[in-house]
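Shown here: coords.tsv, TSV, C-alpha atoms.
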```tsv
chain	number	residue	atom	x	y	z
A	1	MET	CA	0.00	0.00	0.00
A	2	GLY	CA	2.87	2.37	0.75
A	3	VAL	CA	4.19	2.00	-2.80
A	4	ILE	CA	0.78	2.71	-4.33
A	5	ARG	CA	0.34	5.75	-2.09
A	6	GLU	CA	3.79	7.01	-3.10
A	7	LEU	CA	3.00	6.56	-6.80
A	8	ARG	CA	-0.29	8.42	-6.45
A	9	LYS	CA	1.29	11.23	-4.46
A	10	ASN	CA	4.17	11.84	-6.90
A	11	LYS	CA	2.67	10.49	-10.11
A	12	TRP	CA	3.80	13.43	-12.25
A	13	LEU	CA	7.39	13.17	-11.01
A	14	TYR	CA	7.44	9.45	-11.85
A	15	ALA	CA	5.86	10.19	-15.23
A	16	MET	CA	8.69	12.63	-15.99
A	17	ALA	CA	11.25	9.98	-14.98
A	18	LEU	CA	9.59	7.22	-17.03
A	19	PRO	CA	11.40	7.94	-20.36
A	20	VAL	CA	14.78	7.78	-18.58
A	21	VAL	CA	13.81	4.54	-16.81
A	22	VAL	CA	12.75	2.98	-20.11
A	23	TYR	CA	15.96	4.16	-21.80
A	24	VAL	CA	18.18	2.73	-19.05
A	25	PHE	CA	16.25	-0.56	-19.07
A	26	ILE	CA	16.55	-1.00	-22.84
A	27	PHE	CA	20.18	0.06	-23.25
A	28	SER	CA	21.69	-0.92	-19.88
A	29	TYR	CA	19.74	-3.86	-18.46
A	30	MET	CA	18.49	-5.78	-21.49
A	31	PRO	CA	22.03	-6.12	-22.95
A	32	MET	CA	23.03	-7.95	-19.75
A	33	SER	CA	21.38	-11.05	-21.21
A	34	ALA	CA	24.38	-11.20	-23.57
A	35	HIS	CA	26.50	-12.30	-20.60
A	36	LEU	CA	25.09	-15.76	-21.32
A	37	LEU	CA	27.58	-15.85	-24.20
A	38	ALA	CA	30.29	-16.29	-21.60
A	39	PHE	CA	28.86	-19.72	-20.74
A	40	LYS	CA	28.06	-20.93	-24.25
A	41	GLN	CA	29.89	-22.01	-27.37
A	42	PHE	CA	28.28	-19.32	-29.47
A	43	ILE	CA	27.45	-20.14	-33.07
A	44	PRO	CA	25.84	-17.19	-34.90
A	45	VAL	CA	23.44	-19.33	-36.96
A	46	LYS	CA	22.10	-20.99	-33.79
A	47	GLY	CA	21.79	-17.72	-31.88
A	48	LEU	CA	22.19	-17.04	-28.18
A	49	TRP	CA	19.63	-19.55	-26.95
A	50	GLY	CA	20.43	-22.32	-29.40
A	51	SER	CA	24.18	-22.43	-28.77
A	52	ARG	CA	25.62	-25.17	-26.58
A	53	TRP	CA	26.21	-24.55	-22.86
A	54	VAL	CA	29.88	-25.03	-21.89
A	55	GLY	CA	29.97	-23.60	-18.36
A	56	LEU	CA	33.24	-21.94	-17.35
A	57	ASP	CA	35.27	-23.25	-20.26
A	58	ASN	CA	35.39	-19.85	-21.95
A	59	LEU	CA	36.99	-18.22	-18.93
A	60	MET	CA	39.81	-20.74	-19.19
A	61	PHE	CA	40.78	-19.06	-22.48
A	62	PHE	CA	41.78	-16.02	-20.47
A	63	PHE	CA	43.00	-17.47	-17.17
A	64	THR	CA	45.06	-20.28	-18.68
A	65	GLY	CA	46.77	-17.94	-21.12
A	66	PRO	CA	50.31	-16.76	-20.41
A	67	ASP	CA	49.42	-13.07	-20.37
A	68	TRP	CA	46.28	-12.79	-18.23
A	69	LEU	CA	48.06	-11.58	-15.08
A	70	ALA	CA	50.23	-9.09	-16.96
A	71	VAL	CA	47.33	-7.51	-18.87
A	72	THR	CA	45.19	-7.37	-15.71
A	73	LEU	CA	47.96	-5.61	-13.75
A	74	ASN	CA	48.57	-3.26	-16.69
A	75	THR	CA	44.86	-2.41	-16.77
A	76	VAL	CA	44.73	-1.61	-13.06
A	77	TYR	CA	48.04	0.28	-13.08
A	78	LEU	CA	47.22	2.46	-16.08
A	79	ASN	CA	43.74	3.20	-14.77
A	80	LEU	CA	45.13	4.21	-11.38
A	81	LEU	CA	47.49	6.62	-13.14
A	82	PHE	CA	44.59	7.98	-15.20
A	83	ILE	CA	42.31	8.37	-12.17
A	84	ILE	CA	44.91	10.06	-9.95
A	85	ALA	CA	46.31	12.38	-12.62
A	86	GLY	CA	42.90	13.06	-14.19
A	87	THR	CA	41.29	13.94	-10.86
A	88	PHE	CA	44.19	16.16	-9.79
A	89	PHE	CA	44.37	18.17	-13.02
A	90	SER	CA	40.59	18.37	-13.48
A	91	LEU	CA	40.34	19.79	-9.97
A	92	LEU	CA	43.27	22.15	-10.59
A	93	ILE	CA	41.73	23.45	-13.83
A	94	ALA	CA	38.38	24.00	-12.12
A	95	LEU	CA	40.00	25.93	-9.25
A	96	MET	CA	42.03	28.07	-11.67
A	97	LEU	CA	39.01	28.83	-13.85
A	98	ASN	CA	36.99	29.71	-10.76
A	99	GLU	CA	39.58	32.34	-9.82
A	100	ILE	CA	39.25	34.20	-13.14
A	101	ARG	CA	37.15	37.32	-12.74
A	102	LEU	CA	36.97	38.52	-16.36
A	103	ILE	CA	33.92	36.70	-17.77
A	104	TRP	CA	35.04	36.75	-21.42
A	105	PHE	CA	38.51	35.47	-20.54
A	106	LYS	CA	37.05	32.77	-18.31
A	107	LYS	CA	34.78	31.53	-21.11
A	108	ALA	CA	37.63	31.58	-23.61
A	109	ALA	CA	39.96	29.69	-21.26
A	110	GLN	CA	37.28	27.11	-20.47
A	111	SER	CA	36.62	26.55	-24.16
A	112	LEU	CA	40.34	26.01	-24.83
A	113	VAL	CA	40.82	23.44	-22.05
A	114	ILE	CA	37.68	21.53	-23.07
A	115	LEU	CA	38.54	21.53	-26.79
A	116	PRO	CA	40.90	18.48	-26.72
A	117	HIS	CA	38.01	16.28	-25.55
A	118	PHE	CA	36.37	16.71	-28.96
A	119	ILE	CA	39.47	15.85	-30.98
A	120	SER	CA	39.15	12.43	-32.61
A	121	ILE	CA	41.44	9.72	-31.30
A	122	ILE	CA	42.62	9.24	-34.89
A	123	VAL	CA	43.83	12.83	-34.97
A	124	VAL	CA	45.45	12.34	-31.56
A	125	ASN	CA	47.22	9.27	-32.95
A	126	LEU	CA	48.63	11.29	-35.85
A	127	MET	CA	49.76	14.00	-33.43
A	128	VAL	CA	51.53	11.43	-31.25
A	129	LEU	CA	53.24	9.94	-34.32
A	130	ASN	CA	54.47	13.38	-35.36
A	131	PHE	CA	55.80	14.07	-31.87
A	132	PHE	CA	57.43	10.72	-31.11
A	133	ASN	CA	58.10	9.05	-34.44
A	134	GLY	CA	61.64	7.64	-34.73
A	135	GLN	CA	64.34	10.09	-35.80
A	136	ASP	CA	62.00	12.58	-37.48
A	137	GLY	CA	59.59	13.18	-34.59
A	138	MET	CA	59.41	16.65	-33.11
A	139	ILE	CA	60.65	15.51	-29.68
A	140	ASN	CA	63.69	13.75	-31.13
A	141	ARG	CA	64.53	16.76	-33.30
A	142	MET	CA	64.43	18.95	-30.20
A	143	LEU	CA	66.66	16.47	-28.33
A	144	ARG	CA	69.19	16.54	-31.19
A	145	ASP	CA	69.15	20.32	-31.30
A	146	VAL	CA	70.22	20.53	-27.66
A	147	GLY	CA	72.85	17.81	-28.06
A	148	LEU	CA	71.00	14.97	-26.32
A	149	GLU	CA	70.52	11.38	-27.44
A	150	THR	CA	67.33	10.58	-29.31
A	151	VAL	CA	64.90	7.95	-28.06
A	152	ASP	CA	63.16	5.31	-30.14
A	153	TRP	CA	59.85	5.88	-28.36
A	154	PHE	CA	57.88	3.15	-30.12
A	155	GLN	CA	60.44	0.55	-29.05
A	156	THR	CA	60.72	1.66	-25.40
A	157	PRO	CA	57.82	0.22	-23.33
A	158	SER	CA	58.82	1.81	-20.02
A	159	VAL	CA	58.01	5.38	-21.12
A	160	TRP	CA	54.48	4.69	-22.31
A	161	PRO	CA	52.58	4.57	-19.02
A	162	LEU	CA	53.73	8.16	-18.41
A	163	LEU	CA	53.12	9.24	-22.02
A	164	LEU	CA	49.63	7.71	-22.08
A	165	THR	CA	48.83	9.43	-18.78
A	166	VAL	CA	49.95	12.80	-20.18
A	167	ILE	CA	47.84	12.29	-23.30
A	168	PHE	CA	44.86	11.19	-21.18
A	169	VAL	CA	45.13	14.29	-18.99
A	170	TRP	CA	45.57	16.61	-21.98
A	171	LYS	CA	42.52	15.14	-23.68
A	172	GLY	CA	40.18	14.69	-20.73
A	173	ALA	CA	41.10	16.89	-17.77
A	174	GLY	CA	39.39	19.98	-19.16
A	175	TRP	CA	36.20	18.05	-19.79
A	176	GLY	CA	36.41	16.47	-16.33
A	177	SER	CA	36.69	19.91	-14.73
A	178	ILE	CA	33.14	20.82	-15.77
A	179	ILE	CA	31.49	18.98	-12.88
A	180	TYR	CA	33.89	20.49	-10.34
A	181	LEU	CA	33.38	23.95	-11.79
A	182	ALA	CA	29.60	23.55	-11.69
A	183	THR	CA	29.85	22.47	-8.05
A	184	LEU	CA	32.04	25.45	-7.22
A	185	THR	CA	29.48	27.90	-8.60
A	186	GLY	CA	26.93	26.54	-6.12
A	187	PHE	CA	28.94	27.38	-3.01
A	188	SER	CA	27.59	30.21	-0.88
A	189	GLU	CA	29.64	33.39	-1.06
A	190	GLU	CA	29.04	33.90	2.67
A	191	TYR	CA	31.78	31.35	3.50
A	192	TYR	CA	34.36	33.38	1.59
A	193	GLU	CA	33.15	36.73	2.93
A	194	SER	CA	33.57	35.46	6.49
A	195	ALA	CA	37.02	34.15	5.64
A	196	ARG	CA	38.07	37.47	4.11
A	197	ILE	CA	36.86	39.33	7.19
A	198	ASP	CA	39.02	37.02	9.30
A	199	GLY	CA	42.01	37.86	7.10
A	200	ALA	CA	42.26	34.60	5.14
A	201	LYS	CA	44.26	34.85	1.93
A	202	ARG	CA	42.95	33.44	-1.32
A	203	TRP	CA	44.94	30.20	-1.15
A	204	GLN	CA	43.78	29.73	2.45
A	205	GLN	CA	40.17	30.09	1.33
A	206	ILE	CA	40.76	27.41	-1.31
A	207	TRP	CA	42.48	25.06	1.13
A	208	TYR	CA	40.14	25.44	4.11
A	209	ILE	CA	36.80	26.16	2.40
A	210	THR	CA	36.71	25.16	-1.27
A	211	LEU	CA	38.46	21.79	-1.08
A	212	PRO	CA	36.51	20.52	1.98
A	213	LEU	CA	33.25	21.52	0.27
A	214	LEU	CA	34.36	19.72	-2.90
A	215	ARG	CA	35.30	16.54	-1.05
A	216	PRO	CA	31.93	14.73	-1.52
A	217	THR	CA	32.03	15.42	-5.27
A	218	ILE	CA	35.63	14.23	-5.52
A	219	ILE	CA	34.81	11.03	-3.64
A	220	VAL	CA	31.73	10.22	-5.72
A	221	LEU	CA	33.51	10.78	-9.04
A	222	THR	CA	36.50	8.75	-7.84
A	223	LEU	CA	34.24	5.89	-6.78
A	224	LEU	CA	32.56	5.88	-10.17
A	225	ALA	CA	35.96	5.84	-11.87
A	226	LEU	CA	37.14	2.99	-9.64
A	227	GLY	CA	34.12	0.99	-10.74
A	228	ARG	CA	35.68	0.87	-14.21
A	229	ILE	CA	39.25	0.24	-13.10
A	230	PHE	CA	39.30	-3.11	-14.90
A	231	TYR	CA	38.27	-1.47	-18.18
A	232	GLY	CA	41.16	-0.05	-20.16
A	233	ASP	CA	40.68	3.07	-22.26
A	234	PHE	CA	40.52	1.05	-25.47
A	235	GLY	CA	40.16	4.00	-27.84
A	236	LEU	CA	43.16	5.82	-26.41
A	237	ILE	CA	45.47	2.84	-25.97
A	238	TYR	CA	44.69	0.91	-29.15
A	239	GLY	CA	44.43	4.10	-31.20
A	240	ILE	CA	48.01	5.01	-30.27
A	241	ILE	CA	49.71	1.66	-29.60
A	242	GLY	CA	47.80	-0.42	-32.14
A	243	ASP	CA	49.36	-3.86	-32.70
A	244	ASN	CA	52.89	-2.79	-31.77
A	245	SER	CA	53.92	-5.93	-29.85
A	246	LEU	CA	57.11	-4.24	-28.64
A	247	LEU	CA	55.00	-2.11	-26.29
A	248	PHE	CA	52.61	-4.81	-25.05
A	249	LYS	CA	54.69	-5.38	-21.93
A	250	ALA	CA	53.68	-1.98	-20.51
A	251	THR	CA	50.52	-1.05	-22.42
A	252	ASP	CA	48.53	-4.20	-23.18
A	253	VAL	CA	45.26	-4.10	-21.22
A	254	ILE	CA	42.35	-6.52	-20.98
A	255	ASP	CA	40.37	-4.72	-23.69
A	256	THR	CA	43.15	-4.71	-26.29
A	257	TYR	CA	44.09	-8.31	-25.44
A	258	THR	CA	40.49	-9.43	-25.93
A	259	TYR	CA	40.13	-7.43	-29.13
A	260	ARG	CA	43.10	-9.20	-30.68
A	261	ALA	CA	41.67	-12.55	-29.59
A	262	LEU	CA	38.32	-11.57	-31.15
A	263	ARG	CA	40.06	-10.92	-34.48
A	264	ASP	CA	41.81	-14.29	-34.40
A	265	VAL	CA	40.18	-16.14	-37.30
A	266	SER	CA	41.63	-19.44	-36.08
A	267	ASN	CA	39.61	-19.13	-32.84
A	268	MET	CA	36.11	-20.38	-33.64
A	269	ASN	CA	34.93	-19.46	-30.14
A	270	SER	CA	36.17	-15.86	-30.14
A	271	TYR	CA	32.74	-14.29	-29.43
A	272	SER	CA	32.22	-16.40	-26.30
A	273	ASN	CA	35.80	-15.87	-25.14
A	274	ALA	CA	35.42	-12.09	-25.43
A	275	ALA	CA	32.10	-12.25	-23.57
A	276	ALA	CA	33.74	-14.25	-20.77
A	277	VAL	CA	36.43	-11.61	-20.33
A	278	ALA	CA	33.77	-8.87	-20.35
A	279	LEU	CA	31.92	-10.74	-17.60
A	280	PHE	CA	35.17	-10.95	-15.60
A	281	GLN	CA	35.63	-7.19	-15.96
A	282	SER	CA	32.06	-6.50	-14.86
A	283	VAL	CA	32.28	-8.73	-11.79
A	284	MET	CA	35.64	-7.30	-10.73
A	285	GLY	CA	34.39	-3.74	-11.25
A	286	PHE	CA	31.32	-4.52	-9.12
A	287	ILE	CA	33.48	-5.99	-6.34
A	288	THR	CA	35.86	-3.02	-6.51
A	289	ILE	CA	33.16	-0.39	-6.16
A	290	LEU	CA	31.53	-2.33	-3.30
A	291	PHE	CA	34.88	-2.48	-1.50
A	292	PHE	CA	35.76	1.20	-1.87
A	293	ASN	CA	32.20	2.29	-1.13
A	294	GLY	CA	32.45	0.27	2.11
A	295	VAL	CA	35.70	2.07	2.96
A	296	VAL	CA	34.09	5.46	2.31
A	297	ARG	CA	31.03	4.43	4.35
A	298	ARG	CA	33.30	3.91	7.36
A	299	VAL	CA	35.46	7.01	6.86
A	300	ASP	CA	32.91	9.54	5.58
A	301	PRO	CA	29.33	8.16	5.54
A	302	ASP	CA	27.93	11.31	3.94
A	303	SER	CA	30.02	10.76	0.78
A	304	LYS	CA	29.11	7.11	0.10
A	305	LEU	CA	27.32	6.12	-3.09
A	306	PHE	CA	24.84	3.81	-1.34
```
Could you write out this file's structure as structure tokens?
Amino acid sequence: MGVIRELRKNKWLYAMALPVVVYVFIFSYMPMSAHLLAFKQFIPVKGLWGSRWVGLDNLMFFFTGPDWLAVTLNTVYLNLLFIIAGTFFSLLIALMLNEIRLIWFKKAAQSLVILPHFISIIVVNLMVLNFFNGQDGMINRMLRDVGLETVDWFQTPSVWPLLLTVIFVWKGAGWGSIIYLATLTGFSEEYYESARIDGAKRWQQIWYITLPLLRPTIIVLTLLALGRIFYGDFGLIYGIIGDNSLLFKATDVIDTYTYRALRDVSNMNSYSNAAAVALFQSVMGFITILFFNGVVRRVDPDSKLF
């Protein structure tokens, strides 16, 4: 009865939410049925329901392979670098933009820092090639000009976690700053007026007022990012690294590993194998977000997701 009473009381609010609920159900929940592929030997002509059930055999493709631990650790490591650097620079950009008082300059600066988000990964790939390509890349030409040794970037795996992080931050930090900037605009000016009366300098206002008020937003966005820590940024990594096996040691993630397996024409069960790895990623992401949400629940209950 309580549910019916709630629906009657707020029927127009639920009616407004109905299109979103239907959209999420169709595009987020219905596709979950495809996880059954992970437990079947999928044959396209037989379809999802007609294919033979094989249990956990498809997961063995990944876990019995020689590279599963390396690509899993690479995925987690690169994503941690992306999350830490992305959060720091997104927050820094938002704080810097918030300090600009000239409206036209603030809008121009915000447009410039957001612009890289809309650049195609193909264009980014060409830019990276021009910067780091062999002897003719811009970076190597600059190194030669100052009398330093050149680096064969595309044959040096150890430098790519840092380079990919820099590219990730350049491309996404400006876009990520939008939420922080929107949150900043909602803070009451009374906090800052009181601080100024007490003699607080601008950096002290940021440290003791702005950052504590931003903490719930930072935690929520970080938790959401941690939920996808087992998903590599496929577009960024494969778009730049491609099939360069010399760099797999430091850059191969679960998504690129699975994609190559999916293209293997000799593997008749490639669809089911890829689905099994996707299921592994989903389960691990679910466990990760439950774990970190539990930590946040103990440390700062007001900032937990659920």
Of the residues A:Met32, A:Leu214, A:Ala250, A:Leu224, which is the one nearest to A:Pro157, using all atoms listed in the file?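 Closest to A:Pro157 of all the choices is A:Ala250.
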Quick one, how far is atom CA of A:Leu126 from atom CA of A:Ile240?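 Interatomic distance, atom CA of A:Leu126 to atom CA of A:Ile240: 8.4 Å.
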Proximity to A:Val253 - best of A:Leu73, A:Leu48, A:Ile26, A:Leu184, all atoms listed in the file: A:Leu73
Go through A:Arg101, A:Phe27, A:Ile114, A:Gly47 one by one, measure the shortest atom-to-atom distance of each to A:Val169 using all atoms listed in the file, and give the residue with the smallest value.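 So, comparing all the options, the nearest one is A:Ile114.
For A:Thr165, the list of residues within 8 Å, based on only C-alpha atoms and with local chain neighbours fewer than 4 positions off taken out, reads Leu78, Leu81, Phe82, Ala85, Pro161 and Val169 of chain A.
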Write to file, as a tab-separated table (two decimals), in the frame of the given file, the residues of the selection just made, with C-alpha atoms.
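For reference, result_9.tsv as written:
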```
chain	number	residue	atom	x	y	z
A	78	LEU	CA	47.22	2.46	-16.08
A	81	LEU	CA	47.49	6.62	-13.14
A	82	PHE	CA	44.59	7.98	-15.20
A	85	ALA	CA	46.31	12.38	-12.62
A	161	PRO	CA	52.58	4.57	-19.02
A	169	VAL	CA	45.13	14.29	-18.99
```
As a PyMOL selection string, please: the residues near A:Trp49 (cut-off 10 Å, all atoms listed in the file, same-chain neighbours under 4 positions excluded). chain A and resi 36-37+40+42-43+53
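You can rank A:Trp203, A:Tyr14, A:Tyr29, A:Phe62 by their closest distance to A:Ala276 using all atoms listed in the file, and at the top of that list sits A:Phe62.
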Would you kindly return, as a PDB file with C-alpha atoms, keeping the file's coordinate frame, each protein, DNA or RNA residue with an atom no farther than 7 Å from any atom of A:Phe39, considering only C-alpha atoms and excluding same-chain residues fewer than 4 positions away?
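To be explicit, this is the file written out as part.pdb:
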```
ATOM      1  CA  TRP A  53      26.210 -24.550 -22.860  1.00  0.00           C
ATOM      2  CA  VAL A  54      29.880 -25.030 -21.890  1.00  0.00           C
ATOM      3  CA  GLY A  55      29.970 -23.600 -18.360  1.00  0.00           C
ATOM      4  CA  LEU A  56      33.240 -21.940 -17.350  1.00  0.00           C
ATOM      5  CA  ASN A  58      35.390 -19.850 -21.950  1.00  0.00           C
TER       6      ASN A  58
END
```
Can you measure atom CA of A:Thr210 to atom CA of A:Leu95 for me? One decimal in Å is fine. 8.7 Å
Residues around (41.8, -11.5, -21.1), cut-off 12 Å, counting all atoms listed in the file - what are they as a ChimeraX atom specification? /A:58-75,230-232,252-262,270,272-281
I need the residue nearest A:Ile289 from this list: A:Ile167, A:Leu247, A:Ile122, A:Ile229. Use all atoms listed in the file for the distance.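 Using all atoms listed in the file, the shortest distance to A:Ile289 belongs to A:Ile229.
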Repair of stretch 159-170 of chain A at the level of N, CA, C and O atoms, as a PDB file, keeping the file's coordinate frame:
```pdb
ATOM      1  N   VAL A 159      58.415   3.971 -21.115  1.00  0.00           N
ATOM      2  CA  VAL A 159      58.010   5.380 -21.120  1.00  0.00           C
ATOM      3  C   VAL A 159      56.523   5.564 -21.371  1.00  0.00           C
ATOM      4  O   VAL A 159      55.984   6.652 -21.133  1.00  0.00           O
ATOM      5  N   TRP A 160      55.847   4.501 -21.844  1.00  0.00           N
ATOM      6  CA  TRP A 160      54.480   4.690 -22.310  1.00  0.00           C
ATOM      7  C   TRP A 160      53.425   4.846 -21.235  1.00  0.00           C
ATOM      8  O   TRP A 160      52.427   5.547 -21.464  1.00  0.00           O
ATOM      9  N   PRO A 161      53.556   4.236 -20.058  1.00  0.00           N
ATOM     10  CA  PRO A 161      52.580   4.570 -19.020  1.00  0.00           C
ATOM     11  C   PRO A 161      52.523   6.063 -18.721  1.00  0.00           C
ATOM     12  O   PRO A 161      51.435   6.644 -18.578  1.00  0.00           O
ATOM     13  N   LEU A 162      53.694   6.714 -18.651  1.00  0.00           N
ATOM     14  CA  LEU A 162      53.730   8.160 -18.410  1.00  0.00           C
ATOM     15  C   LEU A 162      53.174   8.922 -19.610  1.00  0.00           C
ATOM     16  O   LEU A 162      52.369   9.855 -19.450  1.00  0.00           O
ATOM     17  N   LEU A 163      53.589   8.539 -20.828  1.00  0.00           N
ATOM     18  CA  LEU A 163      53.120   9.240 -22.020  1.00  0.00           C
ATOM     19  C   LEU A 163      51.601   9.110 -22.179  1.00  0.00           C
ATOM     20  O   LEU A 163      50.910  10.083 -22.506  1.00  0.00           O
ATOM     21  N   LEU A 164      51.070   7.903 -21.964  1.00  0.00           N
ATOM     22  CA  LEU A 164      49.630   7.710 -22.080  1.00  0.00           C
ATOM     23  C   LEU A 164      48.878   8.518 -21.027  1.00  0.00           C
ATOM     24  O   LEU A 164      47.787   9.049 -21.301  1.00  0.00           O
ATOM     25  N   THR A 165      49.458   8.634 -19.832  1.00  0.00           N
ATOM     26  CA  THR A 165      48.830   9.430 -18.780  1.00  0.00           C
ATOM     27  C   THR A 165      48.801  10.908 -19.165  1.00  0.00           C
ATOM     28  O   THR A 165      47.784  11.594 -18.973  1.00  0.00           O
ATOM     29  N   VAL A 166      49.901  11.401 -19.733  1.00  0.00           N
ATOM     30  CA  VAL A 166      49.950  12.800 -20.180  1.00  0.00           C
ATOM     31  C   VAL A 166      48.910  13.048 -21.267  1.00  0.00           C
ATOM     32  O   VAL A 166      48.187  14.060 -21.241  1.00  0.00           O
ATOM     33  N   ILE A 167      48.815  12.133 -22.223  1.00  0.00           N
ATOM     34  CA  ILE A 167      47.840  12.290 -23.300  1.00  0.00           C
ATOM     35  C   ILE A 167      46.419  12.229 -22.743  1.00  0.00           C
ATOM     36  O   ILE A 167      45.544  13.014 -23.145  1.00  0.00           O
ATOM     37  N   PHE A 168      46.173  11.315 -21.803  1.00  0.00           N
ATOM     38  CA  PHE A 168      44.860  11.190 -21.180  1.00  0.00           C
ATOM     39  C   PHE A 168      44.467  12.485 -20.468  1.00  0.00           C
ATOM     40  O   PHE A 168      43.335  12.965 -20.601  1.00  0.00           O
ATOM     41  N   VAL A 169      45.410  13.048 -19.713  1.00  0.00           N
ATOM     42  CA  VAL A 169      45.130  14.290 -18.990  1.00  0.00           C
ATOM     43  C   VAL A 169      44.898  15.429 -19.962  1.00  0.00           C
ATOM     44  O   VAL A 169      43.955  16.220 -19.804  1.00  0.00           O
ATOM     45  N   TRP A 170      45.742  15.543 -20.995  1.00  0.00           N
ATOM     46  CA  TRP A 170      45.570  16.610 -21.980  1.00  0.00           C
ATOM     47  C   TRP A 170      44.205  16.523 -22.656  1.00  0.00           C
ATOM     48  O   TRP A 170      43.537  17.533 -22.871  1.00  0.00           O
TER      49      TRP A 170
END
```
